[in-house]
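Working notes, beginning with the structure itself.
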Amino acid sequence: MKTKDPPISLGQSSILANLYENNIDVLSKSYAVNFSSFHPDDVTNYIMKNANESTDVALGAFIWNEKFLQIILNKLKKEKYPGRIILGGPQISYTKKNLEKFYPQVDVFIRGYGETALLQYMQQQIQNRYPQIQGIHYAGQIDQVQSAKTNFNELPSPFLKNLIPNQRFLRWETQRGCPFSCSFCQHRESTNLTRRHFELTRISKEIQWLCRNESKVIDLNLVDPTFNSGPNYLNVLQQLIQYKYQGKITLQTRLEMIKPEFINAIVQLNQTAMVVLEFGLQTIHPNEQKFIDRPSNMKKIQRILNEIYEKSIECEISLIFGLPGQTIESFEKSIEFCLKHHVQIIHAFPLMLLRGTPLYEQKYHLKLIESDQGVCDEIDRIQQYGIKHVVSSPTFSYSDWRKMAQLAGNLEIQNNSYLKKRDEKYVQYQQNINKPNDFRKESI
């Protein structure tokens with residue numbers, strides 16, 4: 001969680017909205033594990049304070065909170081928490097077997113989107129302690145390895161239910177899941193965890209909520225893994241244009257899938273907003289792309305990047321360092337490619353082997369060495385969260401990895417300098433939005 005985030009996450013608020021809609025008595029609490037004020041004892045003390053035999057506790061398991069989650073679970077068991085412990089999230093959804101091995105303290109596991117499964121469990125567990133619900137696995141029983149079913153058309157909006165406050169920065173979604181299968185990514189489909197779209201009626205109401213006169217939202221981040229996929233994304237853009245969204249909006253986009261009508265809609269939306277397209281390029285090299293099941297049409301990418309630049313559309317590219325087959329030289333060439341094509345914001349992230357992904361399963365075969373002990377000032381999350389990263393492989397040493405990390409750190413310094421100028425320029429543009437001068441990134 002960033003300091004600008006709402007006090008409750010989008011995922012948690014969606015689960016709560018469905019529980020409240022169905023009159024389930026629930027006490028909600030959220031914590032930012034990356035804040036210096038956070039301590040695991042705060043979580044366990046709050047839970048134990050509200051504990052009784054008829055109260056279950058549901059927690060989310062993510063790569064970034066795993067270190068603290070284990071501390072919390074162990075302490076709950078030590079203090080003999082009287083209710084059931086329920087666990088969901090990506091660390092559960094993508095673990096195909098031996099959930100009890102990773103979380104021996106947990107009673108109930110939920111794989112997949114949790115809104116409907118948790119609701120059904122809460123409705124049925126009073127009469128039946130072990131209701132058979134798709135996506136739910138009870139510790140000690142045979143694991144069917146199923147993902148929960150969720151009817152997105154039935155889910156209430158956390159925005160329209162006023163669970164998410166009206167504030168400057170918000171995260172928003174129009175779909176979940178991803179049509180691609182990159183071997184490093186947990187967004188790839190897991191069993192029945194397929195891509196789902198929210199109904200257009202709900203999306204339209206949320207857009208009107210975001211664009212109403214009293215809206216404070218000026219920074220909107222769409223968390224759709226691939227926004228420009230599926231049947232609805234152009235309709236979403238047209239409604240944002242129709243209701244004159246004024247603010248920054250960030251869209252995670254697949255470069256090769258960009259169509260002329262998409263670019264035209266972005267140009268039109270930029271008349272009132274500032275659209276930032278985020279591209280997860282990862283690498284430009286075919287041999288590295290093959291290792292991560294992320295083939296890219298580089299000629300098409302070059303053409304589209306040039307067109308985006310000509311249309312003055314803001315974009316950001318993410319790269320990964322620590323990939324199988326990568327070297328310092330190949331990483332530098334990926335950076336040079338971005339700079340050559342006028343990409344002003346370049347992020348480079350260290351490779352993490354996320355549980356349940358194909359790359360995680362192949363790490364021994366590929367001789368990928370992980371560590372969370374490396375001293376690396378450029379990547380504070382290694383120390384902060386205890387997250388392991390790939391720091392060595394047959395094609396790069398730990399020393400090489402440190403050099404790549406330094407390059408990534410230098411990119412962030414350059415990013416911050418450009419972003420400050422860009423944001424100042426955009427504020428000026430918004431103040432003069434009814435005047436004929438245009439926002440142009442080449443003037444920065």
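Naming works like this for the structure tokens: A, B, ... for the chains as they're shown, residue 1 at the start of each chain, ligands 1 onward in shown order.
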Every residue of stretch 60-246 of chain A that DSSP places in strand (DSSP E or B), as a ChimeraX atom specification: /A:60,85-88,108-110,136-138,169-172,175-176,190,193,196-197,219-222
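Omitting A:Ile110 and its sequence neighbours fewer than 3 positions away, and counting only C-alpha atoms, the residues within 6 Å are Gly88, Gly135 and Ile136 of chain A.
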Could I get the residues of stretch 82-133 of chain A with an atom no further than 12 Å from an atom of stretch 26-37 of chain A, each paired with its nearest atom pair and that distance in Å to one decimal, using only C-alpha atoms, sorted by chain and residue number, as a Markdown table?
| residue | atom | partner | partner_atom | distance |
| --- | --- | --- | --- | --- |
| A:Leu118 | CA | A:Val26 | CA | 11.6 |
| A:Leu119 | CA | A:Val26 | CA | 10.9 |
| A:Met122 | CA | A:Val26 | CA | 9.9 |
Would you output that residue set with all heavy atoms, as a short mmCIF file (atom, residue, chain, number, x, y, z; two decimals), in the first residue's frame?
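Final output, saved to again_6.cif:
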data_model
loop_
_atom_site.label_atom_id
_atom_site.label_comp_id
_atom_site.auth_asym_id
_atom_site.auth_seq_id
_atom_site.Cartn_x
_atom_site.Cartn_y
_atom_site.Cartn_z
N LEU A 118 -16.64 -17.07 0.02
CA LEU A 118 -16.65 -16.68 1.43
C LEU A 118 -18.08 -16.42 1.91
O LEU A 118 -18.45 -16.80 3.02
CB LEU A 118 -15.78 -15.45 1.65
CG LEU A 118 -15.63 -14.98 3.10
CD1 LEU A 118 -15.05 -16.09 3.98
CD2 LEU A 118 -14.77 -13.72 3.18
N LEU A 119 -18.88 -15.79 1.04
CA LEU A 119 -20.28 -15.55 1.39
C LEU A 119 -21.01 -16.87 1.62
O LEU A 119 -21.71 -17.05 2.63
CB LEU A 119 -20.97 -14.75 0.29
CG LEU A 119 -22.49 -14.63 0.41
CD1 LEU A 119 -22.86 -13.85 1.67
CD2 LEU A 119 -23.08 -13.97 -0.84
N MET A 122 -19.98 -18.46 4.90
CA MET A 122 -20.56 -17.78 6.07
C MET A 122 -22.04 -18.09 6.22
O MET A 122 -22.57 -18.19 7.33
CB MET A 122 -20.34 -16.27 5.96
CG MET A 122 -18.88 -15.84 5.99
SD MET A 122 -18.00 -16.40 7.47
CE MET A 122 -18.89 -15.51 8.75
#
Quick one: contact table of stretch 335-429 of chain A to stretch 45-63 of chain A, 9 Å max, nearest atom pair and distance in Å to one decimal per residue, counting only C-alpha atoms, chain and number order, as a Markdown table?
| residue | atom | partner | partner_atom | distance |
| --- | --- | --- | --- | --- |
| A:Leu354 | CA | A:Ile63 | CA | 7.4 |
| A:Arg355 | CA | A:Ile63 | CA | 8.6 |
| A:Tyr385 | CA | A:Ile63 | CA | 8.5 |
| A:Ile387 | CA | A:Ile63 | CA | 7.1 |
Those residues you just picked out, can you put them in a file as a JSON list (two decimals), in the first residue's frame with N, CA, C and O atoms?
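Below is the file that was written, selection_15.json:
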[["chain", "number", "residue", "atom", "x", "y", "z"],
["A", 354, "LEU", "N", 7.33, -16.66, -8.22],
["A", 354, "LEU", "CA", 6.08, -16.70, -7.46],
["A", 354, "LEU", "C", 5.54, -18.13, -7.41],
["A", 354, "LEU", "O", 5.50, -18.83, -8.43],
["A", 355, "ARG", "N", 5.11, -18.50, -6.22],
["A", 355, "ARG", "CA", 4.63, -19.87, -6.00],
["A", 355, "ARG", "C", 3.51, -20.23, -6.97],
["A", 355, "ARG", "O", 2.58, -19.47, -7.20],
["A", 385, "TYR", "N", 10.49, -6.98, 3.17],
["A", 385, "TYR", "CA", 9.50, -8.04, 3.14],
["A", 385, "TYR", "C", 10.09, -9.44, 3.18],
["A", 385, "TYR", "O", 9.36, -10.42, 3.27],
["A", 387, "ILE", "N", 11.44, -10.94, 0.70],
["A", 387, "ILE", "CA", 11.07, -11.59, -0.56],
["A", 387, "ILE", "C", 12.33, -12.07, -1.28],
["A", 387, "ILE", "O", 13.28, -11.31, -1.47]]
Residues of stretch 277-374 of chain A in alpha helix (DSSP H), written as a PyMOL selection string: chain A and resi 286-291+298-310+328-340+358-361
Rounded to one decimal place, report the atom CA of A:Asn264-atom CA of A:Arg176 distance in Å.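 Between these atoms lies a distance of 24.7 Å.
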Neighbour list for A:Met352 as JSON, numbers by chain, cut-off 10 Å, only C-alpha atoms, skip fewer than 2 positions in-chain: {"A": [63, 184, 185, 320, 321, 322, 323, 349, 350, 354, 355, 359, 360, 370, 371, 387, 388, 389, 390, 391]}
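The gap separating atom CA of A:Val108 from atom CA of A:Tyr130 is 9.4 Å, in Å to one decimal.
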List the spatial neighbours of A:Ala405 as a list in words - criterion: any atom at most 10 Å away, only C-alpha atoms, same-chain residues fewer than 2 positions off excluded.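 Answer for this query is Phe321, Gly322, Ala348, Phe349, Pro350, Cys376, Asp377, Glu378, Ile379, Val391, Ser399, Asp400, Trp401, Arg402, Lys403, Leu407, Ala408, Gly409, Asn410 and Leu411 of chain A.
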One decimal, in Å: what's the spacing between atom CA of A:Ser147 and atom CA of A:Arg111? 4.9 Å
For stretch 157-160 of chain A, please output as a ChimeraX atom specification all residues within 12 Å (counting only C-alpha atoms; exclusion window: fewer than 5 positions along the same chain). /A:6,8-21,115,152,165-167,170-174,198-199,201-210,215
